[in-house]
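What follows is the content of run33.cif, which has mmCIF, C-alpha atoms:
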```
data_work
loop_
_atom_site.label_atom_id
_atom_site.label_comp_id
_atom_site.auth_asym_id
_atom_site.auth_seq_id
_atom_site.Cartn_x
_atom_site.Cartn_y
_atom_site.Cartn_z
CA MET P 1 -22.23 4.95 -9.83
CA ALA P 2 -24.52 3.09 -7.44
CA HIS P 3 -27.48 5.18 -8.65
CA GLU P 4 -26.69 4.72 -12.35
CA TRP P 5 -26.33 0.94 -12.16
CA GLY P 6 -28.79 0.32 -9.32
CA ILE P 7 -26.38 -1.74 -7.21
CA THR P 8 -26.70 -2.44 -3.48
CA ARG P 9 -24.35 -1.32 -0.73
CA ALA P 10 -22.97 -4.85 -0.42
CA ALA P 11 -22.19 -4.97 -4.15
CA LEU P 12 -20.59 -1.52 -3.96
CA GLY P 13 -18.40 -2.76 -1.10
CA PHE P 14 -17.04 -5.53 -3.32
CA VAL P 15 -16.40 -3.09 -6.18
CA LEU P 16 -14.50 -0.78 -3.83
CA SER P 17 -12.42 -3.73 -2.62
CA MET P 18 -11.32 -4.97 -6.04
CA GLU P 19 -8.59 -2.35 -6.27
CA LEU P 20 -7.42 -3.31 -2.77
CA ILE P 21 -7.24 -7.00 -3.66
CA GLY P 22 -5.19 -6.06 -6.71
CA MET P 23 -2.93 -3.95 -4.49
CA GLY P 24 -2.25 -6.94 -2.29
CA ILE P 25 -1.36 -9.19 -5.22
CA GLY P 26 0.70 -6.47 -6.90
CA ALA P 27 2.64 -5.60 -3.75
CA PHE P 28 3.66 -9.23 -3.26
CA LEU P 29 4.47 -10.12 -6.88
CA LEU P 30 5.93 -6.82 -8.09
CA GLY P 31 7.68 -6.17 -4.77
CA ASN P 32 9.71 -9.32 -5.29
CA LEU P 33 10.42 -8.27 -8.89
CA ALA P 34 11.77 -4.97 -7.53
CA ASP P 35 14.32 -6.91 -5.47
CA ARG P 36 15.30 -8.93 -8.53
CA PHE P 37 15.21 -6.46 -11.43
CA GLY P 38 15.37 -3.07 -9.74
CA ARG P 39 13.23 -0.42 -8.10
CA ARG P 40 13.28 1.98 -11.08
CA PRO P 41 11.95 -0.39 -13.78
CA THR P 42 9.32 -1.66 -11.33
CA ILE P 43 8.07 1.87 -10.68
CA LEU P 44 7.88 2.58 -14.43
CA GLY P 45 5.96 -0.65 -15.05
CA CYS P 46 3.57 0.10 -12.20
CA LEU P 47 2.82 3.57 -13.60
CA ALA P 48 1.97 2.02 -16.97
CA ILE P 49 -0.33 -0.54 -15.32
CA MET P 50 -2.09 2.10 -13.20
CA GLY P 51 -2.64 4.50 -16.09
CA THR P 52 -3.93 1.78 -18.39
CA GLY P 53 -6.23 0.35 -15.70
CA MET P 54 -7.86 3.69 -14.97
CA ALA P 55 -8.31 4.43 -18.64
CA LEU P 56 -10.08 1.09 -19.10
CA ALA P 57 -12.19 1.69 -15.95
CA SER P 58 -13.57 4.86 -17.53
CA LEU P 59 -14.96 2.68 -20.34
CA ALA P 60 -16.59 0.07 -18.08
CA GLY P 61 -20.23 -0.62 -18.83
CA ASN P 62 -21.14 -2.79 -15.86
CA VAL P 63 -20.03 -3.81 -12.38
CA THR P 64 -18.08 -6.87 -13.57
CA MET P 65 -15.99 -4.88 -16.04
CA LEU P 66 -15.33 -2.11 -13.54
CA SER P 67 -14.28 -4.62 -10.88
CA ALA P 68 -11.84 -6.30 -13.28
CA PHE P 69 -10.25 -3.00 -14.31
CA ARG P 70 -10.00 -1.83 -10.69
CA LEU P 71 -8.30 -5.13 -9.83
CA PHE P 72 -5.80 -4.55 -12.65
CA THR P 73 -5.16 -0.96 -11.52
CA GLY P 74 -4.56 -2.21 -7.99
CA LEU P 75 -1.71 -4.43 -9.22
CA GLY P 76 0.24 -1.33 -10.20
CA ILE P 77 -0.61 0.57 -7.01
CA GLY P 78 0.53 -2.32 -4.81
CA GLY P 79 3.81 -2.72 -6.65
CA MET P 80 4.34 1.04 -6.46
CA LEU P 81 3.93 1.00 -2.67
CA ALA P 82 6.57 -1.71 -2.27
CA ALA P 83 9.07 -0.19 -4.71
CA THR P 84 8.77 3.42 -3.53
CA GLY P 85 9.12 2.39 0.12
CA ALA P 86 12.35 0.59 -0.72
CA ILE P 87 13.80 3.33 -2.92
CA VAL P 88 13.15 6.09 -0.37
CA ALA P 89 14.65 4.05 2.48
CA GLU P 90 17.75 3.30 0.42
CA CYS P 91 18.24 6.91 -0.68
CA SER P 92 18.13 8.15 2.94
CA ASN P 93 20.73 8.00 5.66
CA ALA P 94 20.01 6.12 8.88
CA ARG P 95 19.31 9.30 10.84
CA ARG P 96 16.70 10.65 8.42
CA ARG P 97 15.20 7.41 7.15
CA ASN P 98 12.07 7.49 9.32
CA LEU P 99 11.49 11.11 8.31
CA ALA P 100 11.99 10.41 4.61
CA VAL P 101 9.77 7.33 4.49
CA ALA P 102 7.00 9.02 6.49
CA ILE P 103 7.14 12.07 4.18
CA MET P 104 6.90 9.71 1.20
CA ALA P 105 3.83 8.06 2.71
CA GLY P 106 2.40 11.53 3.29
CA GLY P 107 2.28 11.93 -0.48
CA TYR P 108 -0.79 9.67 -0.48
CA PRO P 109 -3.13 12.08 1.35
CA ILE P 110 -1.61 15.12 -0.35
CA GLY P 111 -2.31 13.56 -3.73
CA ALA P 112 -5.76 12.61 -2.53
CA ILE P 113 -6.43 16.22 -1.52
CA VAL P 114 -5.53 17.45 -4.99
CA GLY P 115 -7.26 14.53 -6.72
CA GLY P 116 -10.33 14.75 -4.51
CA SER P 117 -10.70 18.46 -5.18
CA ILE P 118 -10.39 17.90 -8.92
CA ALA P 119 -12.80 14.93 -8.73
CA SER P 120 -15.40 17.08 -6.97
CA ALA P 121 -15.03 19.78 -9.61
CA LEU P 122 -15.28 17.23 -12.43
CA LEU P 123 -18.39 15.62 -10.93
CA ALA P 124 -20.03 19.00 -10.43
CA ALA P 125 -19.15 20.12 -13.96
CA THR P 126 -19.84 16.94 -15.94
CA GLY P 127 -22.03 14.73 -13.74
CA ARG P 128 -19.99 11.76 -15.09
CA TRP P 129 -18.12 9.46 -12.72
CA GLN P 130 -16.05 8.34 -15.74
CA SER P 131 -14.34 11.74 -15.86
CA VAL P 132 -12.58 10.96 -12.57
CA PHE P 133 -10.95 7.83 -14.03
CA GLU P 134 -10.03 9.69 -17.23
CA PHE P 135 -8.23 12.38 -15.27
CA GLY P 136 -6.50 9.79 -13.07
CA ALA P 137 -5.19 7.88 -16.08
CA LEU P 138 -3.79 11.01 -17.72
CA ALA P 139 -2.14 12.29 -14.53
CA THR P 140 -0.56 8.90 -13.81
CA LEU P 141 0.90 8.42 -17.28
CA CYS P 142 2.44 11.91 -17.12
CA PHE P 143 4.73 10.68 -14.33
CA ILE P 144 6.51 8.16 -16.57
CA PRO P 145 8.81 10.75 -18.23
CA LEU P 146 9.43 12.37 -14.83
CA VAL P 147 10.62 9.08 -13.36
CA LEU P 148 12.81 8.40 -16.41
CA TRP P 149 14.40 11.82 -15.93
CA LEU P 150 14.72 12.13 -12.15
CA VAL P 151 14.72 8.70 -10.45
CA PRO P 152 17.92 6.61 -10.59
CA GLU P 153 18.31 3.02 -9.48
CA THR P 154 19.39 2.81 -5.83
CA ILE P 155 23.03 2.26 -4.94
CA ALA P 156 22.06 -0.43 -2.42
CA PHE P 157 20.32 -2.47 -5.13
CA LEU P 158 23.18 -2.03 -7.63
CA VAL P 159 25.79 -3.07 -5.05
CA HIS P 160 23.81 -6.15 -4.07
CA ARG P 161 22.59 -7.40 -7.46
CA ARG P 162 25.50 -6.07 -9.61
CA PRO P 163 23.73 -5.86 -13.00
CA ALA P 164 25.59 -4.86 -16.17
CA ARG P 165 27.35 -1.47 -15.86
CA ALA P 166 26.59 -1.38 -12.12
CA LEU P 167 29.71 0.66 -11.28
CA GLU P 168 28.92 3.20 -14.02
CA LYS P 169 25.35 3.63 -12.76
CA ILE P 170 26.52 3.95 -9.16
CA ASN P 171 29.07 6.62 -10.04
CA ARG P 172 26.52 8.55 -12.07
CA THR P 173 24.33 8.74 -8.96
CA MET P 174 27.31 9.55 -6.72
CA VAL P 175 28.24 12.50 -8.93
CA ARG P 176 24.63 13.76 -8.97
CA GLN P 177 24.70 13.66 -5.16
CA GLY P 178 27.97 15.61 -5.03
CA ARG P 179 30.06 12.66 -3.87
CA ALA P 180 33.30 11.24 -5.22
CA PRO P 181 32.88 8.31 -7.66
CA LEU P 182 34.08 4.81 -6.76
CA SER P 183 37.05 3.15 -8.44
CA ALA P 184 35.61 -0.33 -7.91
CA LEU P 185 32.54 -2.04 -6.52
CA PRO P 186 32.68 -2.77 -2.78
CA PRO P 187 32.80 -6.41 -1.64
CA ARG P 188 29.54 -8.27 -2.08
CA ASP P 189 27.59 -8.99 1.12
CA VAL P 190 27.25 -12.61 2.15
CA GLN P 191 23.91 -13.80 0.79
CA VAL P 192 21.52 -16.06 2.63
CA ALA P 193 20.65 -19.21 0.73
CA GLY P 194 17.17 -19.58 -0.70
CA THR P 195 14.75 -17.44 -2.63
CA GLY P 196 13.62 -14.01 -1.49
CA VAL P 197 10.31 -15.33 -0.16
CA ALA P 198 12.03 -18.20 1.65
CA GLN P 199 14.43 -15.76 3.32
CA LEU P 200 11.50 -13.76 4.69
CA PHE P 201 10.50 -16.83 6.69
CA ALA P 202 14.01 -17.85 7.72
CA PRO P 203 14.84 -18.09 11.45
CA GLY P 204 15.40 -14.68 12.95
CA ILE P 205 13.17 -12.82 10.51
CA ARG P 206 10.08 -15.05 10.39
CA SER P 207 8.48 -13.51 13.47
CA ILE P 208 9.12 -9.99 12.14
CA THR P 209 7.41 -10.84 8.85
CA LEU P 210 4.39 -12.41 10.52
CA LEU P 211 3.89 -9.71 13.17
CA LEU P 212 4.27 -6.86 10.67
CA THR P 213 1.70 -8.56 8.44
CA LEU P 214 -0.75 -8.89 11.33
CA ILE P 215 -0.29 -5.25 12.35
CA TYR P 216 -0.69 -4.00 8.80
CA PHE P 217 -3.74 -6.22 8.25
CA GLY P 218 -5.60 -4.87 11.26
CA HIS P 219 -4.82 -1.23 10.62
CA MET P 220 -5.66 -1.38 6.91
CA MET P 221 -9.04 -2.95 7.67
CA SER P 222 -9.98 0.12 9.72
CA PHE P 223 -8.25 2.66 7.51
CA TYR P 224 -9.88 1.56 4.25
CA PHE P 225 -13.32 1.25 5.76
CA PHE P 226 -12.93 4.90 6.70
CA VAL P 227 -11.60 6.29 3.41
CA LYS P 228 -13.65 4.12 1.05
CA TRP P 229 -17.05 4.55 2.72
CA ILE P 230 -16.92 8.29 3.52
CA PRO P 231 -18.41 9.39 0.14
CA LYS P 232 -21.25 6.86 0.28
CA ILE P 233 -22.02 7.65 3.94
CA VAL P 234 -22.20 11.38 3.19
CA VAL P 235 -24.47 10.84 0.17
CA ASP P 236 -26.74 8.52 2.19
CA MET P 237 -27.16 11.32 4.75
CA GLY P 238 -28.76 13.38 1.99
CA PHE P 239 -25.84 15.51 0.84
CA ALA P 240 -24.74 15.96 -2.79
CA ALA P 241 -22.00 13.84 -4.36
CA ALA P 242 -19.78 16.92 -4.72
CA ALA P 243 -20.15 17.56 -0.96
CA ALA P 244 -19.08 13.96 -0.32
CA GLY P 245 -15.89 14.64 -2.27
CA GLY P 246 -15.32 17.71 -0.11
CA VAL P 247 -15.58 15.67 3.10
CA LEU P 248 -13.10 13.17 1.67
CA VAL P 249 -10.75 16.05 0.94
CA TRP P 250 -10.90 17.02 4.63
CA ALA P 251 -10.07 13.43 5.57
CA ASN P 252 -6.97 13.72 3.42
CA VAL P 253 -6.08 17.15 4.81
CA GLY P 254 -6.03 15.49 8.21
CA GLY P 255 -4.07 12.60 6.73
CA ALA P 256 -1.41 14.92 5.31
CA LEU P 257 -1.09 16.71 8.67
CA GLY P 258 -0.87 13.36 10.47
CA SER P 259 1.89 12.15 8.13
CA LEU P 260 3.80 15.39 8.62
CA GLY P 261 3.36 15.20 12.38
CA VAL P 262 4.65 11.63 12.61
CA SER P 263 7.52 12.53 10.25
CA LEU P 264 8.72 15.38 12.44
CA LEU P 265 8.14 13.65 15.78
CA SER P 266 10.03 10.53 14.58
CA GLN P 267 13.22 12.61 14.80
CA ARG P 268 12.78 12.87 18.57
CA PHE P 269 10.69 9.86 19.59
CA SER P 270 10.49 6.17 18.81
CA VAL P 271 8.48 5.71 15.61
CA ARG P 272 7.01 2.49 17.04
CA TYR P 273 5.41 4.32 19.97
CA LEU P 274 4.26 7.15 17.72
CA VAL P 275 2.50 4.70 15.40
CA ALA P 276 0.86 2.84 18.28
CA ALA P 277 -0.42 6.11 19.78
CA ALA P 278 -1.78 7.16 16.37
CA MET P 279 -3.56 3.81 16.03
CA PHE P 280 -5.27 4.26 19.39
CA GLY P 281 -6.26 7.80 18.42
CA GLY P 282 -7.58 6.52 15.11
CA ALA P 283 -9.73 3.86 16.80
CA ALA P 284 -11.27 6.50 19.07
CA ALA P 285 -11.86 8.88 16.13
CA LEU P 286 -13.62 6.18 14.09
CA CYS P 287 -15.97 5.46 17.00
CA VAL P 288 -16.82 9.15 17.36
CA PHE P 289 -17.27 9.41 13.58
CA GLY P 290 -19.91 6.71 13.79
CA TYR P 291 -22.09 8.50 16.34
CA TRP P 292 -21.45 12.25 16.45
CA PRO P 293 -21.67 13.72 12.90
CA THR P 294 -25.15 14.83 11.79
CA THR P 295 -24.17 17.90 9.75
CA LEU P 296 -21.71 18.45 6.91
CA ALA P 297 -19.49 20.52 9.21
CA ARG P 298 -19.32 17.75 11.82
CA LEU P 299 -18.65 15.16 9.14
CA SER P 300 -15.77 17.27 7.83
CA ILE P 301 -14.30 17.77 11.31
CA MET P 302 -14.36 14.08 12.20
CA ALA P 303 -13.11 13.09 8.76
CA CYS P 304 -10.14 15.40 9.32
CA VAL P 305 -9.46 14.06 12.83
CA GLY P 306 -9.84 10.46 11.71
CA GLY P 307 -7.57 11.06 8.73
CA PHE P 308 -4.96 12.67 11.00
CA PHE P 309 -4.61 9.60 13.20
CA THR P 310 -5.18 6.79 10.71
CA ASN P 311 -2.92 8.15 7.98
CA GLY P 312 -0.32 9.28 10.49
CA ALA P 313 -0.19 5.68 11.70
CA THR P 314 0.05 4.43 8.10
CA ALA P 315 2.95 6.75 7.28
CA GLY P 316 4.86 5.73 10.40
CA LEU P 317 4.13 2.07 9.74
CA TYR P 318 5.95 2.25 6.40
CA ALA P 319 8.98 3.56 8.28
CA VAL P 320 8.76 0.64 10.73
CA ILE P 321 8.57 -1.84 7.85
CA ALA P 322 11.57 -0.24 6.10
CA GLN P 323 13.62 -0.54 9.29
CA CYS P 324 12.95 -4.22 9.73
CA PHE P 325 14.26 -5.63 6.42
CA PRO P 326 17.79 -5.50 4.92
CA ALA P 327 18.27 -4.07 1.42
CA HIS P 328 18.17 -7.38 -0.44
CA LEU P 329 14.79 -8.18 1.13
CA ARG P 330 13.39 -4.68 1.58
CA ALA P 331 11.09 -4.41 -1.44
CA GLY P 332 10.08 -8.09 -1.25
CA GLY P 333 9.49 -7.90 2.49
CA THR P 334 7.53 -4.68 2.16
CA GLY P 335 5.57 -6.25 -0.69
CA LEU P 336 4.77 -9.38 1.32
CA VAL P 337 3.59 -7.41 4.35
CA ILE P 338 1.55 -5.04 2.18
CA GLY P 339 0.26 -7.87 -0.01
CA ALA P 340 -0.96 -10.06 2.83
CA GLY P 341 -2.05 -7.08 4.88
CA ARG P 342 -4.10 -5.72 1.99
CA ALA P 343 -6.51 -8.56 2.62
CA GLY P 344 -7.51 -6.46 5.61
CA ALA P 345 -7.84 -3.41 3.36
CA ALA P 346 -10.14 -5.37 1.07
CA LEU P 347 -12.04 -6.90 3.98
CA GLY P 348 -12.88 -3.59 5.68
CA PRO P 349 -15.18 -2.14 2.97
CA VAL P 350 -16.72 -5.58 2.34
CA ILE P 351 -17.56 -6.15 6.02
CA ALA P 352 -18.99 -2.63 6.25
CA GLY P 353 -21.13 -3.19 3.15
CA LEU P 354 -22.50 -6.45 4.50
CA LEU P 355 -23.25 -4.97 7.93
CA PHE P 356 -25.05 -2.01 6.35
CA THR P 357 -27.06 -4.42 4.18
CA TRP P 358 -28.03 -6.42 7.28
CA GLY P 359 -29.49 -3.30 8.86
CA TRP P 360 -26.61 -2.10 11.06
CA SER P 361 -26.40 1.66 11.53
CA LEU P 362 -23.20 3.67 11.08
CA GLY P 363 -22.30 3.79 14.79
CA PRO P 364 -22.00 0.04 15.47
CA VAL P 365 -20.30 -0.51 12.10
CA ALA P 366 -17.69 2.14 12.91
CA VAL P 367 -17.01 0.64 16.35
CA MET P 368 -16.67 -2.85 14.86
CA LEU P 369 -14.20 -1.71 12.18
CA ALA P 370 -12.24 0.45 14.65
CA CYS P 371 -11.19 -2.74 16.46
CA GLY P 372 -8.74 -3.53 13.67
CA THR P 373 -6.45 -0.57 14.26
CA LEU P 374 -6.93 -0.84 18.03
CA LEU P 375 -5.62 -4.43 18.07
CA ALA P 376 -2.83 -3.49 15.65
CA GLY P 377 -1.63 -0.83 18.09
CA ILE P 378 -1.63 -3.31 20.96
CA VAL P 379 0.41 -5.84 18.96
CA LEU P 380 2.86 -3.13 17.87
CA LEU P 381 3.53 -2.17 21.49
CA THR P 382 4.57 -5.76 22.26
CA PHE P 383 6.67 -6.01 19.05
CA ARG P 384 10.45 -5.72 19.31
CA TYR P 385 12.79 -5.32 16.36
CA ARG P 386 16.34 -4.27 15.65
CA GLU P 387 16.74 -1.50 13.11
CA SER P 388 18.56 -2.53 9.96
CA THR P 389 21.23 -0.42 8.26
CA ILE P 390 20.56 1.16 4.87
CA ALA P 391 22.45 -1.60 3.05
#
```
Would you give me this structure, written as structure tokens?
Amino acid sequence: MAHEWGITRAALGFVLSMELIGMGIGAFLLGNLADRFGRRPTILGCLAIMGTGMALASLAGNVTMLSAFRLFTGLGIGGMLAATGAIVAECSNARRRNLAVAIMAGGYPIGAIVGGSIASALLAATGRWQSVFEFGALATLCFIPLVLWLVPETIAFLVHRRPARALEKINRTMVRQGRAPLSALPPRDVQVAGTGVAQLFAPGIRSITLLLTLIYFGHMMSFYFFVKWIPKIVVDMGFAAAAAGGVLVWANVGGALGSLGVSLLSQRFSVRYLVAAAMFGGAAALCVFGYWPTTLARLSIMACVGGFFTNGATAGLYAVIAQCFPAHLRAGGTGLVIGAGRAGAALGPVIAGLLFTWGWSLGPVAVMLACGTLLAGIVLLTFRYRESTIA
């Protein structure tokens, strides 16, 4: 893409960040809609936005158009993150919630492994970057009928919001889960006055919202520098674009293993300490990634190690966020943290692009960007929270 349009590294950094900016806006706006109208319709709407955005991106003829379509696609991705985090937490019992949420977050690198492998094959076969967006649009839209068929609205949402036919929908889910249906809706929980956003900054939860946002901001700045710049860094070292896709696949293999590791260990150890340890490991791996790799094999090894720690921390962080908010604020709270924190995700690639343009080499850039997840881990260790119940 950079070769075809003749754009600089700094300009490419902004293009890469457009999707992340959209994710931040989408997580905040659509996350609150998920608390008001439901997790299921929000997920369906986000799939439609994502599929449409990628289809339009494949038709982009210049940087401005591509940036706009990536921004639009990011709206759907951000809302999806908030809604899926809430729905998985609410469909899990308290004992397995950390495991379930971390496994859900592990779907990101697993999907990236499959998508990255297909993207590499498409680039090698067609030589067209547009083919990657075309495949992404088709694959995304195919999930709409699957969600309509398999994903019900959560019982926690139906009990709290009580839309039309709430009892009927709850009992349908209860029967599918092998449980006895209810004869009547349980008593409504006492609601806190104010809008969803106002409640997130009410006494007793304000500090949780702010600290989670700070932690997420710092970690995402490091994480997205790593995953967004790997292909360009590999190509700039003289390797083919298809090889760059292969290195990114190894980063996601490590990410999938890291998510699985945090998922399993969270059943025996505090997820907060696991995430902090993964953040420290990720900071160290990013620093090594900046100085050690000179061959494709070394790049692949460090991409895998870096993906293991950074994505393991990301998966565990979603579990921490899900623990901290009650059901009526879970999607909105997750969306706010992700939305504000995504500014860090957008900032990481932009800062890296500017530093590269100013003549910085990979090593110092990697060390600079590793500070985000390092500081996030330190803040997380000082952070105290009380786990919420499912409802």
Item to check | Spatial sel., origin (14.3, -5.2, 5.5), limit 10 Å, only C-alpha atoms, listed as an NGL selection string | outcome: :P and (86 or 89 or 200 or 205 or 208-209 or 320-334 or 387-391)
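Using only C-alpha atoms, the contacts of P:Ala297 at a cut-off of 12 Å, with sequence neighbours closer than 4 positions omitted, comprise Val234, Phe239, Ala243, Ala244, Gly246, Val247, Trp250, Trp292, Pro293, Ile301, Met302, Ala303 and Cys304 of chain P.
Atom pair atom CA of P:Met368 / atom CA of P:Trp229 has a distance of 14.2 Å (rounded to one decimal).
Atom CA of P:Leu260 is found 13.7 Å from atom CA of P:Arg96.
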Checklist entry - Out of P:Phe308, P:Leu296, P:Leu30, P:Ser120, which residue has the shortest atom-to-atom distance to P:Gly238 when counting all atoms listed in the file? => result P:Leu296
Item to check | Expansion of the PyMOL selection byres ((chain P and resi 23) around 6) into residues, as JSON, numbers by chain | outcome: {"P": [20, 21, 22, 24, 25, 26, 27, 74, 75, 77, 78]}
Next on the checklist: Once the PyMOL selection byres ((chain P and resi 378) around 12) has been evaluated on this model, what residues remain selected, and can you format them as a PyMOL selection string?
Outcome noted: chain P and resi 211+214-215+218-219+272-273+275-280+283+371-377+379-383
Checklist entry - Which one is closest to P:Pro109: P:Leu317, P:Ala11, P:Val249, P:Val367? Count only C-alpha atoms. => result P:Val249
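Taking atom CA of P:Ile118 as the reference point, atom CA of P:Ala240 is found at 15.7 Å.
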